[in-house]
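Here's the structure, in structure tokens; my notes come after.
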Number of protein chains: 4
Amino acid sequence: MVYRRTKKVDQKLEARLQAIMQAAKEEFARHGFYGTSVKDIARRAGVGIGTIYLYLRNKEALFTALVNEAYEMVLERIAQARKNTAGGRQKLQVSMEAALAVLQENRDLARVMLVQSPAGHPAVAEQLYDLLRRLTQLVEEDVLEGIQRKELPPQDAHVAALAFVGTFYQVVISWLKEGIPSDLTLAGKELVAYNLRGLGYDLEGDIGNG
Amino acid sequence: MVYRRTKKVDQKLEARLQAIMQAAKEEFARHGFYGTSVKDIARRAGVGIGTIYLYLRNKEALFTALVNEAYEMVLERIAQARKNTAGGRQKLQVSMEAALAVLQENRDLARVMLVQSPAGHPAVAEQLYDLLRRLTQLVEEDVLEGIQRKELPPQDAHVAALAFVGTFYQVVISWLKEGIPSDLTLAGKELVAYNLRGLGYDLEGDIGNG
Amino acid sequence: MVYRRTKKVDQKLEARLQAIMQAAKEEFARHGFYGTSVKDIARRAGVGIGTIYLYLRNKEALFTALVNEAYEMVLERIAQARKNTAGGRQKLQVSMEAALAVLQENRDLARVMLVQSPAGHPAVAEQLYDLLRRLTQLVEEDVLEGIQRKELPPQDAHVAALAFVGTFYQVVISWLKEGIPSDLTLAGKELVAYNLRGLGYDLEGDIGNG
Amino acid sequence: MVYRRTKKVDQKLEARLQAIMQAAKEEFARHGFYGTSVKDIARRAGVGIGTIYLYLRNKEALFTALVNEAYEMVLERIAQARKNTAGGRQKLQVSMEAALAVLQENRDLARVMLVQSPAGHPAVAEQLYDLLRRLTQLVEEDVLEGIQRKELPPQDAHVAALAFVGTFYQVVISWLKEGIPSDLTLAGKELVAYNLRGLGYDLEGDIGNG
DNA sequence: CATGAATGAGACTTCATTCAT
DNA sequence: GATGAATGAAGTCTCATTCAT
């Protein structure tokens, strides 16, 4: 009798993987990479230790997978938002809002990626920096475009982009660690203004129109 | 003659402590807290393992001491700079310049504190956040003062302060990890402009005067 | 089929725990607490080092468990013997015999408890003294009863009880360390006579009847 | 100029050795062999660590020396007492009293020898057993003599001697650890009676005459 | 003679990963 | 597929002993 991979079996496997990922997310978010043992994750996921190794190569791969999940989630959400938007300034604005929204919706994942990630294996930390690099690049392109169109004064676009991303990073970290600001979306409005001003956009009379 | 604590002996002890701290700084900067073993540090410092424990209580204390060194260096340098300066905007400007200068002069220490610190024991990571908190508070006070004096438009001073600090954090991280911008002091000029604009200062005609 | 806790598995686990306890018993009996490393025990038990920590919290717990085992064995055996006996003198007599019998049957355990125990952690040494205290108290009660019934002359019951217990302690130690007397049970007969006389019982014509 | 070993120098050396021995006595008495570090002893003696090694080969030798001191003190005191005494029974009696007296006068030393000694290196523990062996032998000879003279009933003299010594051992341990009996000399009277009766001496009308 | 800084062997313990069931 | 008992490498830290000062 041949073993047949039925849809039901597939679903069960998928569910199990999700349970593991969810458990890992919660444990890593709270105790970091080194403070979390594989046993902890297995217990929380309600599976055996060995089972985890059926789904993930090792502990580092598990951590990497989570960071990657957050990574792609953020980028995709931003891409989605930009697709339906035209104009450098608008693009920047919707990007910021999208990023904050997705992080607010996935607090544990955000914590893993932004707070705990640097604590993991260097290779894992690299992922976070890669994300920040891509975000920075995105912003840099918009800034360059703005400069070209004379919407923005001449400036070092790379430094500006880093500063831009940095404002978000810091606010999100504070939100994750201190709970302040309590509402990321609200704080986002302020951030948008800060950064657009910072870049040199003329906001006369239209703050908050976005 | 009995063993006497001569000036020469004292110097040697001090030198040895410095050798250990320096070795630790380099190892931690490169491999992080968990990626560095006490043995590694001992070897690099050219001392026995046990020797390290004559100077520091344990591995965590060694790490803490380094972060603390950076911490105090940064704060003191900023305090010094502010002491001889009047005016909210000027104070912010010299603070930024002082912070960047001291970090540029102590790259390994900066790396330990900013990049590797979150990876250490939670207690150690807390130190970094404490520094960032204090810097944020400093900025927040200046911002509030600016708003009161009508030099700045009304805004959420806390979010603004976080954003302000975030721009520096991100630029410094990039400098530490990518080497870009290559010159922190130069980038500082851009950052100053970005943040003063972001806060809402009117920079007409005087960008770069600081 | 999933991993199931079958009877066979349980037996194996129990056997392994016993192997570890037995190995520890032998090593501790010969080399004491500080003279025995966990590695030694693991090697003798034929298991990995880490395995020991699956069964016992740490080295001290392993030692404590052994002393406790001996402790309870002795007390239970004495309680058993006294349950079926009436009369102060008879109770003392069967207690002595029971104690000697159980020690003779568990030589390594006796060695761990009586010879090596004081060498372990202070907390562990305390267990031995606790046992001796309880035995002394038991005897003291019997002595007081005998005095009340005028079967014994007035005397310091506590000192008498200590002396009583001391005779056994010393003989057992000699047996453990020198092998003399070779037969504890036989020596017991002499000890019984010695102590009953010492306490002041009138043994005229009935020595050895017990 | 030749260095001359004056009496004054000799005295100073002797005093230093005594300070070390005294410090060691106190530390070992309280914390045992493994619980006491050479540094502890040096600090208490008010000398440098290295100085200890000028007087004693190593830590074990220091401990051994102390046990030996107690050892010889006890034996010598007993010998002294027996020298001026005739008669088996009297000899036993004065021996007991001498032993208790010397222990009472040297509580720390007693603690090192009786309580902490088994905790030290096996070689050190051996010394204690050696002392007990010699005491036992002494008693055994007296008992044999008593039997020969028909002052004592026939019995296993070795077991009797062990029992005899054991009563003292236990009472002294209790005194050292619990402080009960509070007065060793007083308890000694009871012990003497216990043991003489235990051996089979006829004490009619003369208890306490010794 | 005296000192105490320096050393490193060795002890305990943890935990990621494997594999027989 | 699923499990968790078993493993042992590797890490941190202690402390008896040495030796330059």
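Simple scheme: letters A, B, ... for chains in structure tokens order, numbers from 1 for residues in each chain, numbers from 1 for ligands in the order shown.
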
DSSP alpha helix (DSSP H) selection over stretch 138-203 of chain D, as a PyMOL selection string:
chain D and resi 138-148+157-178+184-199

Could you please select, counting only C-alpha atoms (C1' of nucleotides), the residues of chain E within 8 Å of chain C and state them as a compact mmCIF listing (two decimals) with all heavy atoms, in the first residue's frame?
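Once everything was written out, this is selection_38.txt:
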```
# COMPACT_ATOMS: atom_id res chain seq x y z
P DA E 11 39.08 17.04 38.17
OP1 DA E 11 39.72 16.01 38.98
OP2 DA E 11 38.72 16.76 36.77
O5' DA E 11 37.78 17.55 38.95
C5' DA E 11 37.91 18.54 39.97
C4' DA E 11 36.69 19.41 39.99
O4' DA E 11 36.94 20.56 39.15
C3' DA E 11 35.46 18.72 39.42
O3' DA E 11 34.45 18.55 40.38
C2' DA E 11 34.95 19.62 38.32
C1' DA E 11 35.77 20.88 38.42
N9 DA E 11 36.19 21.28 37.08
C8 DA E 11 36.92 20.55 36.19
N7 DA E 11 37.10 21.14 35.04
C5 DA E 11 36.45 22.35 35.18
C6 DA E 11 36.27 23.44 34.32
N6 DA E 11 36.77 23.48 33.09
N1 DA E 11 35.56 24.48 34.78
C2 DA E 11 35.06 24.45 36.01
N3 DA E 11 35.17 23.49 36.92
C4 DA E 11 35.89 22.45 36.44
P DC E 12 33.20 17.72 39.92
OP1 DC E 12 32.66 17.08 41.12
OP2 DC E 12 33.49 16.93 38.72
O5' DC E 12 32.24 18.92 39.51
C5' DC E 12 31.94 19.91 40.45
C4' DC E 12 31.07 20.97 39.83
O4' DC E 12 31.74 21.50 38.67
C3' DC E 12 29.71 20.46 39.36
O3' DC E 12 28.73 21.41 39.77
C2' DC E 12 29.84 20.38 37.84
C1' DC E 12 30.89 21.44 37.54
N1 DC E 12 31.75 21.16 36.35
C2 DC E 12 31.83 22.08 35.30
O2 DC E 12 31.17 23.12 35.36
N3 DC E 12 32.63 21.81 34.23
C4 DC E 12 33.33 20.67 34.19
N4 DC E 12 34.11 20.46 33.13
C5 DC E 12 33.26 19.72 35.25
C6 DC E 12 32.46 19.99 36.30
P DT E 21 16.69 0.21 20.47
OP1 DT E 21 16.96 -0.50 21.73
OP2 DT E 21 16.86 -0.47 19.16
O5' DT E 21 15.24 0.83 20.55
C5' DT E 21 14.89 1.62 21.69
C4' DT E 21 13.52 2.18 21.50
O4' DT E 21 13.52 3.18 20.45
C3' DT E 21 12.44 1.16 21.12
O3' DT E 21 11.41 1.19 22.08
C2' DT E 21 11.95 1.61 19.75
C1' DT E 21 12.28 3.09 19.78
N1 DT E 21 12.47 3.74 18.45
C2 DT E 21 11.80 4.94 18.21
O2 DT E 21 11.10 5.48 18.99
N3 DT E 21 12.04 5.46 16.95
C4 DT E 21 12.84 4.91 15.96
O4 DT E 21 12.97 5.48 14.88
C5 DT E 21 13.49 3.68 16.29
C7 DT E 21 14.37 3.01 15.28
C6 DT E 21 13.28 3.15 17.51
```

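The spacing separating atom CA of B:Arg77 from atom CA of B:Ala161 amounts to 19.2 Å.
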
Just want the 10 Å neighbourhood of stretch 182-184 of chain A, counted on only C-alpha atoms (C1' of nucleotides), with same-chain residues fewer than 6 positions away dropped. Output as a ChimeraX atom specification.
/A:97,100-101,103-104,168,171-172,174-176,191

Restrict the selected residues to all heavy atoms and save them as a CSV table (one decimal), in the first residue's frame.
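Below is the file that was written, selection.csv:
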```
chain,number,residue,atom,x,y,z
A,97,GLU,N,4.2,54.7,6.7
A,97,GLU,CA,3.0,54.3,7.4
A,97,GLU,C,2.8,52.8,7.3
A,97,GLU,O,2.4,52.1,8.2
A,97,GLU,CB,1.8,55.0,6.7
A,97,GLU,CG,1.7,56.4,7.2
A,97,GLU,CD,0.8,57.3,6.3
A,97,GLU,OE1,0.4,56.8,5.2
A,97,GLU,OE2,0.7,58.5,6.6
A,100,LEU,N,5.2,51.0,9.8
A,100,LEU,CA,4.8,51.1,11.2
A,100,LEU,C,3.6,50.2,11.4
A,100,LEU,O,3.5,49.5,12.4
A,100,LEU,CB,4.4,52.6,11.5
A,100,LEU,CG,5.6,53.5,11.6
A,100,LEU,CD1,5.2,54.9,11.9
A,100,LEU,CD2,6.6,53.0,12.7
A,101,ALA,N,2.7,50.2,10.4
A,101,ALA,CA,1.5,49.4,10.6
A,101,ALA,C,1.8,47.9,10.7
A,101,ALA,O,1.3,47.2,11.6
A,101,ALA,CB,0.5,49.6,9.4
A,103,LEU,N,4.5,46.5,11.7
A,103,LEU,CA,5.2,46.2,12.9
A,103,LEU,C,4.2,46.2,14.1
A,103,LEU,O,4.3,45.4,15.0
A,103,LEU,CB,6.3,47.2,13.2
A,103,LEU,CG,7.5,47.2,12.2
A,103,LEU,CD1,8.5,48.3,12.5
A,103,LEU,CD2,8.2,45.8,12.3
A,104,GLN,N,3.4,47.2,14.1
A,104,GLN,CA,2.4,47.3,15.2
A,104,GLN,C,1.5,46.0,15.2
A,104,GLN,O,1.1,45.5,16.3
A,104,GLN,CB,1.5,48.5,15.0
A,104,GLN,CG,0.5,48.6,16.1
A,104,GLN,CD,0.2,50.1,16.4
A,104,GLN,OE1,0.3,51.0,15.6
A,104,GLN,NE2,-0.1,50.4,17.7
A,168,PHE,N,12.8,56.0,12.5
A,168,PHE,CA,11.8,55.0,12.7
A,168,PHE,C,12.3,53.9,13.6
A,168,PHE,O,11.6,53.4,14.6
A,168,PHE,CB,11.4,54.3,11.4
A,168,PHE,CG,10.5,55.2,10.6
A,168,PHE,CD1,11.0,56.2,9.8
A,168,PHE,CD2,9.1,55.1,10.8
A,168,PHE,CE1,10.2,57.1,9.2
A,168,PHE,CE2,8.3,56.0,10.1
A,168,PHE,CZ,8.8,57.0,9.3
A,171,VAL,N,12.2,55.0,17.3
A,171,VAL,CA,10.8,55.1,17.8
A,171,VAL,C,10.2,53.7,18.0
A,171,VAL,O,9.6,53.4,19.0
A,171,VAL,CB,9.9,55.9,16.9
A,171,VAL,CG1,8.5,55.8,17.3
A,171,VAL,CG2,10.4,57.4,17.0
A,172,VAL,N,10.5,52.8,17.1
A,172,VAL,CA,9.9,51.5,17.2
A,172,VAL,C,10.6,50.7,18.4
A,172,VAL,O,9.9,50.1,19.2
A,172,VAL,CB,10.1,50.7,15.9
A,172,VAL,CG1,9.8,49.2,16.1
A,172,VAL,CG2,9.3,51.3,14.8
A,174,SER,N,11.7,52.0,21.1
A,174,SER,CA,11.2,52.6,22.3
A,174,SER,C,9.8,52.0,22.5
A,174,SER,O,9.4,51.7,23.7
A,174,SER,CB,11.1,54.1,22.2
A,174,SER,OG,10.4,54.7,23.3
A,175,TRP,N,9.0,51.9,21.5
A,175,TRP,CA,7.7,51.3,21.6
A,175,TRP,C,7.8,49.9,22.1
A,175,TRP,O,7.0,49.5,23.0
A,175,TRP,CB,7.0,51.4,20.2
A,175,TRP,CG,5.7,50.7,20.1
A,175,TRP,CD1,4.5,50.9,20.7
A,175,TRP,CD2,5.5,49.5,19.4
A,175,TRP,NE1,3.6,50.0,20.4
A,175,TRP,CE2,4.1,49.1,19.5
A,175,TRP,CE3,6.3,48.7,18.5
A,175,TRP,CZ2,3.6,48.0,18.9
A,175,TRP,CZ3,5.7,47.6,17.9
A,175,TRP,CH2,4.4,47.2,18.1
A,176,LEU,N,8.7,49.1,21.6
A,176,LEU,CA,8.8,47.7,21.9
A,176,LEU,C,9.3,47.6,23.4
A,176,LEU,O,8.9,46.7,24.1
A,176,LEU,CB,9.8,47.0,21.0
A,176,LEU,CG,9.3,46.7,19.6
A,176,LEU,CD1,10.5,46.2,18.7
A,176,LEU,CD2,8.2,45.7,19.6
A,191,LEU,N,6.3,61.5,13.0
A,191,LEU,CA,7.5,61.1,12.3
A,191,LEU,C,7.6,61.6,10.9
A,191,LEU,O,8.6,62.0,10.4
A,191,LEU,CB,7.7,59.6,12.4
A,191,LEU,CG,8.5,59.1,13.6
A,191,LEU,CD1,8.6,57.6,13.5
A,191,LEU,CD2,9.8,59.7,13.7
```

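Ranking C:Val139, C:Val115, C:Val94, C:Leu152 by their shortest atom-to-atom distance to chain D, with only C-alpha atoms included, puts C:Val115 first.
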
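Remark: for E:DG4, the closest of the candidate residues B:Ala23, B:Ala45, B:Leu54, B:Leu66 is B:Leu54 (distances computed over only C-alpha atoms (C1' of nucleotides)).
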
Find the residues in chain D near chain C: any atom within 8 Å counts, using only C-alpha atoms. Write them as a PyMOL selection string.
chain D and resi 115-116+118-120+122+155-156+159-160+162-171+174+181+187+190-191+193-200

Select, as a PyMOL selection string, those residues of chain F with any atom no more than 12 Å from chain A (distances computed using only C-alpha atoms (C1' of nucleotides)).
chain F and resi 1-5

In Å and to one decimal, atom CA of A:Leu75 is distant from atom CA of A:Arg107 by 16.1 Å
